[in-house]
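Novice: My structure is stored as input-v1.cif, with mmCIF, C-alpha atoms.
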```cif
data_start
#
loop_
_atom_site.label_atom_id
_atom_site.label_comp_id
_atom_site.auth_asym_id
_atom_site.auth_seq_id
_atom_site.Cartn_x
_atom_site.Cartn_y
_atom_site.Cartn_z
CA MET U 611 -23.77 -105.19 2.37
CA ASN U 612 -26.43 -102.55 1.72
CA LYS U 613 -25.71 -100.95 5.08
CA LEU U 614 -22.05 -100.61 4.15
CA LYS U 615 -22.87 -99.01 0.84
CA ASN U 616 -25.27 -96.57 2.45
CA GLY U 617 -22.59 -95.56 4.99
CA ILE U 618 -20.07 -94.85 2.23
CA LYS U 619 -22.64 -92.73 0.39
CA LEU U 620 -23.36 -90.73 3.56
CA LEU U 621 -19.66 -90.07 4.13
CA ALA U 622 -19.23 -88.90 0.57
CA LEU U 623 -22.23 -86.60 0.81
CA THR U 624 -20.91 -85.03 4.02
CA CYS U 625 -17.51 -84.38 2.43
CA CYS U 626 -19.10 -82.90 -0.65
CA LEU U 627 -21.04 -80.45 1.46
CA SER U 628 -17.82 -79.29 3.09
CA GLY U 629 -15.87 -79.03 -0.16
CA SER U 630 -14.55 -82.36 -1.52
CA LEU U 631 -13.90 -85.90 -0.52
CA SER U 632 -10.17 -85.32 -0.51
CA SER U 633 -10.54 -82.36 1.87
CA CYS U 634 -12.39 -84.54 4.29
CA ASP U 635 -9.45 -86.84 4.43
CA ASN U 636 -6.81 -84.06 4.78
CA ARG U 637 -6.40 -83.50 8.50
CA ASP U 638 -3.43 -81.16 8.00
CA ASP U 639 -5.52 -78.25 6.65
CA GLU U 640 -4.91 -75.05 8.66
CA PHE U 641 -7.77 -73.31 10.47
CA ASN U 642 -8.28 -69.81 8.98
CA PRO U 643 -10.74 -67.84 11.13
CA VAL U 644 -12.69 -65.02 9.50
CA PRO U 645 -11.44 -61.59 10.82
CA LEU U 646 -14.05 -59.83 12.95
CA SER U 647 -14.33 -56.02 13.23
CA TYR U 648 -14.85 -54.58 16.73
CA TYR U 649 -15.64 -51.16 18.29
CA THR U 650 -13.51 -49.31 20.83
CA ASP U 651 -14.37 -46.09 22.69
CA GLU U 652 -10.96 -45.37 24.11
CA ILE U 653 -10.58 -41.69 25.10
CA LEU U 654 -8.62 -39.96 22.32
CA ASN U 655 -7.44 -36.45 21.45
CA PHE U 656 -7.83 -35.07 24.97
CA GLN U 657 -7.40 -31.30 24.63
CA PRO U 658 -5.32 -29.26 27.13
CA ILE U 659 -7.21 -27.42 29.84
CA SER U 660 -8.03 -23.83 28.97
CA ALA U 661 -9.66 -21.32 31.31
CA GLN U 662 -11.66 -18.45 29.82
CA PHE U 663 -11.72 -15.74 32.49
CA ASP U 664 -14.46 -13.15 32.83
CA GLU U 665 -13.24 -9.64 31.96
CA GLU U 666 -15.06 -8.03 34.87
CA ASN U 667 -14.35 -10.74 37.46
CA GLN U 668 -10.92 -12.30 37.08
CA LEU U 669 -11.81 -14.99 39.65
CA LYS U 670 -14.58 -16.34 37.40
CA ALA U 671 -13.74 -18.71 34.55
CA ASP U 672 -15.44 -21.00 32.04
CA PHE U 673 -14.13 -24.52 31.34
CA THR U 674 -15.13 -26.63 28.32
CA PRO U 675 -13.50 -30.11 28.22
CA SER U 676 -12.97 -31.70 24.83
CA SER U 677 -11.92 -35.21 23.76
CA LEU U 678 -13.00 -37.99 21.42
CA ASN U 679 -15.39 -40.67 22.74
CA ALA U 680 -16.07 -39.02 26.11
CA VAL U 681 -19.72 -38.82 27.14
CA THR U 682 -19.23 -37.22 30.57
CA TYR U 683 -16.51 -35.35 32.43
CA GLU U 684 -15.72 -35.07 36.11
CA ILE U 685 -13.97 -31.78 36.94
CA THR U 686 -12.15 -30.71 40.09
CA PHE U 687 -10.83 -27.18 40.50
CA GLY U 688 -8.34 -27.72 43.31
CA ASP U 689 -9.60 -24.94 45.56
CA VAL U 690 -11.26 -26.89 48.39
CA PRO U 691 -10.19 -30.00 50.37
CA ASN U 692 -11.98 -33.29 49.66
CA GLU U 693 -13.58 -31.72 46.61
CA THR U 694 -16.62 -33.39 45.06
CA PRO U 695 -16.14 -33.45 41.28
CA THR U 696 -18.46 -31.39 39.10
CA VAL U 697 -20.04 -33.66 36.46
CA ILE U 698 -21.02 -32.38 33.02
CA THR U 699 -21.86 -34.04 29.72
CA ALA U 700 -19.71 -33.76 26.62
CA GLY U 701 -20.07 -30.40 24.90
CA GLU U 702 -21.14 -28.55 28.02
CA THR U 703 -19.33 -25.64 29.72
CA VAL U 704 -18.99 -25.24 33.46
CA THR U 705 -18.44 -21.85 35.16
CA HIS U 706 -16.40 -21.71 38.35
CA ILE U 707 -15.53 -18.85 40.72
CA PHE U 708 -12.23 -19.30 42.55
CA PRO U 709 -11.99 -18.08 46.16
CA GLY U 710 -9.01 -15.77 45.56
CA ASN U 711 -5.70 -15.16 43.85
CA GLY U 712 -3.40 -18.14 43.55
CA SER U 713 -2.46 -21.22 41.54
CA TYR U 714 -4.95 -24.10 41.38
CA THR U 715 -4.67 -27.62 39.93
CA VAL U 716 -7.66 -28.19 37.64
CA THR U 717 -8.33 -31.79 36.57
CA TYR U 718 -10.59 -33.22 33.89
CA LYS U 719 -11.58 -36.90 34.02
CA ALA U 720 -13.17 -38.09 30.79
CA ILE U 721 -15.47 -41.13 30.83
CA SER U 722 -16.64 -43.09 27.78
CA VAL U 723 -19.92 -44.99 27.39
CA SER U 724 -18.26 -48.28 28.34
CA GLY U 725 -16.40 -46.80 31.30
CA ASN U 726 -12.99 -46.08 29.76
CA THR U 727 -11.37 -43.11 31.47
CA ALA U 728 -8.55 -40.64 30.92
CA GLU U 729 -7.34 -37.65 32.92
CA VAL U 730 -5.56 -34.39 32.24
CA SER U 731 -4.46 -31.78 34.81
CA THR U 732 -2.84 -28.36 34.72
CA GLU U 733 -1.99 -25.45 36.98
CA VAL U 734 -4.29 -22.47 36.46
CA SER U 735 -3.06 -19.09 37.69
CA VAL U 736 -5.88 -16.98 39.06
CA GLY U 737 -5.49 -13.32 39.93
CA LEU U 738 -7.45 -10.12 39.94
CA LEU U 739 -5.91 -7.34 37.94
CA ALA U 740 -4.77 -4.93 40.61
CA PRO U 741 -6.89 -1.78 40.64
CA LEU U 742 -5.07 1.50 40.58
CA GLU U 743 -4.35 2.59 44.14
CA PHE U 744 -1.37 4.88 43.95
CA LYS U 745 -0.24 6.44 47.21
CA PHE U 746 3.06 8.26 47.68
CA ASP U 747 3.98 6.59 50.97
CA ASP U 748 5.77 3.84 49.06
CA ALA U 749 5.92 5.29 45.55
CA THR U 750 8.79 4.29 43.27
CA GLY U 751 9.36 4.81 39.59
CA THR U 752 8.00 8.34 39.37
CA PHE U 753 9.31 10.75 36.76
CA LYS U 754 8.71 14.35 35.67
CA PHE U 755 8.86 16.17 32.36
CA GLY U 756 8.96 19.75 31.15
CA ASP U 757 11.55 22.49 31.53
CA ASP U 758 12.14 23.91 35.00
CA THR U 759 10.09 21.25 36.77
CA THR U 760 10.83 19.18 39.84
CA PHE U 761 9.05 16.27 41.48
CA ASP U 762 9.61 15.01 45.03
CA VAL U 763 7.83 12.97 47.68
CA VAL U 764 7.26 15.02 50.86
CA ASP U 765 5.12 15.11 53.99
CA ASN U 766 1.66 16.57 53.46
CA PRO U 767 2.24 20.30 54.12
CA PHE U 768 -1.46 21.24 54.24
CA MET U 769 -3.56 18.73 56.18
CA SER U 770 -6.91 20.22 55.24
CA GLY U 771 -9.86 19.95 52.89
CA GLU U 772 -10.00 16.59 51.11
CA ASN U 773 -6.64 15.45 52.49
CA GLN U 774 -6.31 15.80 56.23
CA GLU U 775 -4.03 12.79 56.68
CA ASP U 776 -0.41 13.00 57.80
CA THR U 777 0.98 11.03 54.87
CA LYS U 778 3.48 11.37 52.05
CA VAL U 779 2.32 13.25 48.96
CA GLY U 780 3.78 14.10 45.59
CA GLU U 781 5.17 17.63 45.26
CA PHE U 782 5.21 18.95 41.71
CA LYS U 783 6.80 22.32 40.94
CA LYS U 784 6.25 23.76 37.50
CA ALA U 785 7.24 26.85 35.55
CA ALA U 786 4.89 29.20 33.74
CA ALA U 787 4.33 26.87 30.83
CA THR U 788 1.83 24.28 29.62
CA PHE U 789 2.24 20.51 29.22
CA GLN U 790 4.38 19.95 32.26
CA GLY U 791 3.73 17.03 34.53
CA PHE U 792 4.84 13.80 36.11
CA GLY U 793 4.07 10.13 35.84
CA TYR U 794 4.59 6.63 37.15
CA GLU U 795 5.56 3.32 35.55
CA VAL U 796 5.29 -0.19 36.93
CA LYS U 797 8.58 -1.78 37.99
CA ASP U 798 8.78 -3.77 34.76
CA ALA U 799 6.93 -1.99 31.97
CA ASN U 800 7.56 -4.95 29.63
CA ASP U 801 5.75 -7.41 31.91
CA VAL U 802 2.13 -7.47 30.81
CA ASN U 803 1.24 -9.34 34.00
CA GLN U 804 1.80 -6.17 36.02
CA PRO U 805 -0.91 -3.81 34.82
CA ILE U 806 -1.73 -0.91 37.12
CA ILE U 807 -5.25 -0.19 35.92
CA ASP U 808 -7.97 -2.20 34.23
CA PHE U 809 -10.54 -0.40 32.10
CA LYS U 810 -11.93 -3.54 30.42
CA GLY U 811 -14.67 -3.84 33.03
CA SER U 812 -17.38 -1.44 34.10
CA ASN U 813 -15.26 0.56 36.57
CA LYS U 814 -13.90 3.42 34.48
CA VAL U 815 -13.75 6.24 37.03
CA VAL U 816 -10.55 7.38 38.74
CA THR U 817 -10.24 9.92 41.54
CA ALA U 818 -7.20 11.90 42.67
CA LYS U 819 -6.52 14.40 45.43
CA VAL U 820 -4.82 17.52 44.08
CA TYR U 821 -3.74 20.66 45.96
CA SER U 822 -3.73 23.98 44.12
CA THR U 823 -4.34 27.62 45.04
CA VAL U 824 -5.22 28.59 41.47
CA ALA U 825 -7.97 27.32 39.19
CA VAL U 826 -6.36 24.91 36.77
CA PRO U 827 -7.35 22.01 34.48
CA VAL U 828 -5.71 18.70 35.37
CA SER U 829 -5.30 15.86 32.87
CA LEU U 830 -4.75 12.23 33.86
CA ILE U 831 -3.53 10.08 30.96
CA PHE U 832 -3.14 6.30 30.93
CA GLN U 833 -0.58 4.88 28.53
CA VAL U 834 1.18 1.65 27.48
CA GLY U 835 -1.77 -0.66 26.85
CA THR U 836 -0.89 -4.31 27.28
CA ASN U 837 -1.99 -4.98 23.67
CA ASN U 838 -0.57 -1.73 22.27
CA GLU U 839 -3.85 0.13 22.70
CA ARG U 840 -3.70 3.88 22.36
CA GLY U 841 -3.62 5.92 25.56
CA VAL U 842 -6.68 7.71 26.93
CA GLU U 843 -6.96 11.05 28.72
CA GLY U 844 -9.42 12.29 31.33
CA THR U 845 -9.66 15.93 32.44
CA ALA U 846 -11.01 17.56 35.58
CA GLU U 847 -11.18 21.20 36.69
CA HIS U 848 -9.56 22.28 39.95
CA THR U 849 -11.12 25.40 41.48
CA GLY U 850 -8.02 26.49 43.39
CA SER U 851 -9.44 25.92 46.90
CA GLY U 852 -6.58 23.77 48.24
CA TRP U 853 -6.98 20.00 48.53
CA GLU U 854 -9.78 18.86 46.22
CA LEU U 855 -10.97 15.43 45.15
CA LEU U 856 -10.99 15.39 41.35
CA THR U 857 -12.94 12.83 39.33
CA PHE U 858 -11.78 11.53 35.94
CA ASP U 859 -14.40 9.61 33.93
CA TYR U 860 -13.00 7.29 31.24
CA ASN U 861 -16.43 6.42 29.90
CA GLU U 862 -15.93 9.69 28.01
CA ALA U 863 -12.15 9.86 27.64
CA LYS U 864 -10.19 11.55 24.90
CA LEU U 865 -7.63 9.68 22.86
CA GLU U 866 -4.11 10.57 23.89
CA PHE U 867 -2.50 13.35 21.87
CA VAL U 868 0.01 11.85 19.42
CA SER U 869 0.79 14.50 16.84
CA ALA U 870 -0.67 17.70 15.48
CA ASN U 871 -1.46 15.92 12.21
CA ASP U 872 -3.42 13.06 13.80
CA PRO U 873 -7.16 13.51 13.07
CA ASP U 874 -8.08 11.34 16.08
CA ASN U 875 -6.50 13.66 18.66
CA GLY U 876 -9.25 14.78 21.01
CA LYS U 877 -11.68 12.12 19.78
CA VAL U 878 -14.00 11.00 22.58
CA THR U 879 -13.92 7.27 23.29
CA VAL U 880 -14.64 4.69 25.99
CA ALA U 881 -11.52 3.23 27.59
CA GLU U 882 -11.45 -0.55 27.08
CA ALA U 883 -7.86 -1.58 27.82
CA VAL U 884 -5.41 -2.41 30.59
CA TYR U 885 -2.66 0.18 31.07
CA GLN U 886 0.72 0.13 32.78
CA LYS U 887 1.60 3.81 33.09
CA PHE U 888 -0.08 7.07 34.02
CA VAL U 889 0.86 10.70 33.38
CA MET U 890 -0.63 13.74 35.12
CA ILE U 891 -0.38 17.08 33.38
CA ILE U 892 -1.25 20.33 35.11
CA ASN U 893 -1.89 22.52 32.10
CA GLY U 894 -2.99 25.83 33.52
CA PRO U 895 -2.73 29.30 32.09
CA SER U 896 0.69 30.75 31.47
CA ASP U 897 0.76 32.30 34.92
CA ALA U 898 0.00 29.00 36.70
CA ALA U 899 3.57 28.53 37.80
CA GLY U 900 3.99 27.26 41.31
CA THR U 901 3.83 24.23 43.53
CA PHE U 902 1.11 21.55 43.38
CA TYR U 903 0.55 18.48 45.53
CA ILE U 904 -0.97 15.16 44.53
CA ASP U 905 -2.13 12.13 46.52
CA ASP U 906 -4.29 9.00 46.39
CA ILE U 907 -4.84 8.28 42.69
CA ILE U 908 -7.45 5.52 43.00
CA GLN U 909 -9.72 3.59 40.64
CA GLU U 910 -13.12 4.29 42.12
CA GLY U 911 -15.29 1.40 43.22
CA LEU U 912 -12.53 -1.22 43.48
CA ASN U 913 -11.18 -0.45 46.93
#
```
Take the structure in this file and express it as structure tokens.

Specialist:
Amino acid sequence: MNKLKNGIKLLALTCCLSGSLSSCDNRDDEFNPVPLSYYTDEILNFQPISAQFDEENQLKADFTPSSLNAVTYEITFGDVPNETPTVITAGETVTHIFPGNGSYTVTYKAISVSGNTAEVSTEVSVGLLAPLEFKFDDATGTFKFGDDTTFDVVDNPFMSGENQEDTKVGEFKKAAATFQGFGYEVKDANDVNQPIIDFKGSNKVVTAKVYSTVAVPVSLIFQVGTNNERGVEGTAEHTGSGWELLTFDYNEAKLEFVSANDPDNGKVTVAEAVYQKFVMIINGPSDAAGTFYIDDIIQEGLN
């Protein structure tokens, strides 16, 4: 009898500890688990690939991957077969030099601390800005300005001095007046991807072969900056000895003449833009009428 009583007391005590005697008997109570919080490091907010190209070397670019929860990145640049990925940690920048002009598939693979991964790829267009190398053998788009002027492409009539090659040259005939000249535009002057000269780097010297039998100043002006920059003008003196190689230095260029009321006309500056058009003016004294020849307008050091 005492054992039975003690068993009943033990059962009651156990039920009381869990809530109540009645709850111990209710087997239909639902199980309500306590919600548990958990951590995930899924790769989020993966940013598009952006290449920051070097101004002086358009084959060289910096890449900085960015996403949430990534601790490392594996990067392939798509320019060699069986490429071994370049591995960097989050927040780092990697610099890559592409082998040449073209379109390359760059891929980022982001990896989290627990091994979650995500990838993003894009086509990156790589191309050197074409240096100025204007020869009249295949010249198109030339124009002239000034009263009583003509401009034609002809065979080199005087193979001597600085131009002894049997090639095509520009023939510019001018009257006895100043500010007469000719120029050249790219095929599509509205396409900023077709610049003809790049002055953003360190190469700011241009040479040109000019034929003249009289001493005359020659101006070479670059216009139509791809970001609406003002044109710049370089000047060289021709001695009148026939074919001469003239040098135009745009480390000390003058701002292009705009109007007589512009206080910046003639201001010396350093050219820092990419241009799509050039104009050559053979100023000369009033008696410098005649025929002049031009050839090989080249950005020095890039050919």

Novice: Counting all atoms listed in the file, what is within 9 Å of Thr759 (chain U), bar same-chain residues fewer than 5 positions away, as a PDB file with C-alpha atoms, keeping the file's coordinate frame?

Specialist:
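Saved the output as part34.pdb:
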```pdb
ATOM      1  CA  LYS U 754       8.710  14.350  35.670  1.00  0.00           C
ATOM      2  CA  PHE U 782       5.210  18.950  41.710  1.00  0.00           C
ATOM      3  CA  LYS U 783       6.800  22.320  40.940  1.00  0.00           C
ATOM      4  CA  LYS U 784       6.250  23.760  37.500  1.00  0.00           C
ATOM      5  CA  ALA U 785       7.240  26.850  35.550  1.00  0.00           C
ATOM      6  CA  GLN U 790       4.380  19.950  32.260  1.00  0.00           C
ATOM      7  CA  GLY U 791       3.730  17.030  34.530  1.00  0.00           C
TER       8      GLY U 791
END
```

Novice: Rank U:Asp808, U:Glu702, U:Asp747, U:Asp874 by their smallest atom-to-atom distance to Gln668 (chain U), using all atoms listed in the file, and report the top residue only.

Specialist: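 Residue with the minimum atom-to-atom distance to Gln668 (chain U): U:Asp808.
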
Novice: Report as a short mmCIF file (atom, residue, chain, number, x, y, z; two decimals) with C-alpha atoms, in the coordinates of the input all protein, DNA and RNA residues lying within 6 Å of region 762-773 of chain U, evaluated on only C-alpha atoms, omitting residues in the same chain fewer than 6 positions from it.

Specialist:
```cif
data_model
loop_
_atom_site.label_atom_id
_atom_site.label_comp_id
_atom_site.auth_asym_id
_atom_site.auth_seq_id
_atom_site.Cartn_x
_atom_site.Cartn_y
_atom_site.Cartn_z
CA VAL U 779 2.32 13.25 48.96
CA GLY U 780 3.78 14.10 45.59
CA GLU U 781 5.17 17.63 45.26
CA TRP U 853 -6.98 20.00 48.53
CA GLU U 854 -9.78 18.86 46.22
#
```

Novice: List as a PyMOL selection string the protein and nucleic acid residues near Phe867 (chain U), meaning an atom at most 9 Å away when all atoms listed in the file are counted, but skip any in the same chain fewer than 4 places from it.

Specialist: chain U and resi 841-843+872+874-876

Novice: I need the residue nearest Lys864 (chain U) from this list: U:Ala818, U:Val734, U:Ile831, U:Met890. Use only C-alpha atoms for the distance.

Specialist: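 Going through U:Ala818, U:Val734, U:Ile831, U:Met890 one by one, the smallest distance to Lys864 (chain U) is for U:Ile831.
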
Novice: Exactly which residues make up the result of the PyMOL selection byres ((chain U and resi 721) around 10) on this file, given as a list in words?

Specialist: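 Checked against the file, the PyMOL selection byres ((chain U and resi 721) around 10) matches Asp651, Glu652, Ile653, Ser677, Asn679, Ala680, Val681, Thr682, Tyr683, Glu684, Thr699, Ala700, Tyr718, Lys719, Ala720, Ser722, Val723, Ser724, Gly725, Asn726, Thr727, Ala728 and Glu729 of chain U.
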
Novice: So what do you get for CA of Phe663 (chain U) versus CA of Leu830 (chain U), distance-wise?

Specialist: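 Taking CA of Phe663 (chain U) and CA of Leu830 (chain U), their separation equals 28.9 Å.
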
Novice: Could you state the separation of CA of Ala671 (chain U) and CA of Ile707 (chain U) in Å, given to one decimal place?

Specialist: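 Answer for the CA of Ala671 (chain U) to CA of Ile707 (chain U) separation: 6.4 Å.
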
Novice: Report the distance between CA of Lys877 (chain U) and CA of Phe792 (chain U) in Å, rounded to one decimal place.

Specialist: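 Distance between the two atoms: 23.3 Å.
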
Novice: Which is closer to Leu678 (chain U) than all the others in U:Phe656, U:Leu742, U:Val884, U:Val697, using all atoms listed in the file?

Specialist: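 Between U:Phe656, U:Leu742, U:Val884, U:Val697, the residue approaching Leu678 (chain U) most closely is U:Phe656.
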
Novice: Determine, counting all atoms listed in the file, which protein, DNA and RNA residues have an atom within 7 Å of an atom of region 835-840 of chain U; residues of the same chain fewer than 3 positions away are not included. Present the result as a list in words.

Specialist: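 The contact residues come out as Val802, Glu866, Ala883, Val884, Tyr885 and Gln886 of chain U.
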
Novice: Applied to this file, what does the PyMOL selection byres ((chain U and resi 744) around 7) return in terms of residues, put as a PDB file with C-alpha atoms, keeping the file's coordinate frame?

Specialist:
```
ATOM      1  CA  LEU U 742      -5.070   1.500  40.580  1.00  0.00           C
ATOM      2  CA  GLU U 743      -4.350   2.590  44.140  1.00  0.00           C
ATOM      3  CA  LYS U 745      -0.240   6.440  47.210  1.00  0.00           C
ATOM      4  CA  PHE U 746       3.060   8.260  47.680  1.00  0.00           C
ATOM      5  CA  ASP U 906      -4.290   9.000  46.390  1.00  0.00           C
ATOM      6  CA  ILE U 907      -4.840   8.280  42.690  1.00  0.00           C
ATOM      7  CA  ILE U 908      -7.450   5.520  43.000  1.00  0.00           C
TER       8      ILE U 908
END
```

Novice: Run through the PyMOL selection byres ((chain U and resi 686) around 6) on the given coordinates and return the selected residues as a PDB file with C-alpha atoms, in the coordinates of the input.

Specialist:
```
ATOM      1  CA  ILE U 685     -13.970 -31.780  36.940  1.00  0.00           C
ATOM      2  CA  PHE U 687     -10.830 -27.180  40.500  1.00  0.00           C
ATOM      3  CA  GLY U 688      -8.340 -27.720  43.310  1.00  0.00           C
ATOM      4  CA  PRO U 695     -16.140 -33.450  41.280  1.00  0.00           C
ATOM      5  CA  VAL U 716      -7.660 -28.190  37.640  1.00  0.00           C
ATOM      6  CA  THR U 717      -8.330 -31.790  36.570  1.00  0.00           C
TER       7      THR U 717
END
```

Novice: Which is closest to Phe902 (chain U) among U:Val880, U:Gly844, U:Lys819, U:Phe888, if we use all atoms listed in the file?

Specialist: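 With all atoms listed in the file as the atom set, the closest residue is U:Lys819.
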
Novice: I'd like the neighbourhood of Val820 (chain U) as an NGL selection string, where a residue qualifies if any of its atoms comes within 8 Å (using all atoms listed in the file), though same-chain residues fewer than 5 positions away should be ignored.

Specialist: :U and (848 or 852-856 or 902-905)

Novice: My list of candidates is U:Ala786, U:Phe761, U:Thr901, U:Gln833. Which is closest to Tyr821 (chain U) when distances are computed with all atoms listed in the file?

Specialist: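 Nearest candidate to Tyr821 (chain U) out of U:Ala786, U:Phe761, U:Thr901, U:Gln833: U:Thr901.
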
Novice: Rank U:Thr703, U:Thr694, U:Ser660, U:Asn655 by their smallest atom-to-atom distance to Thr674 (chain U), using all atoms listed in the file, and report the top residue only.

Specialist: U:Thr703
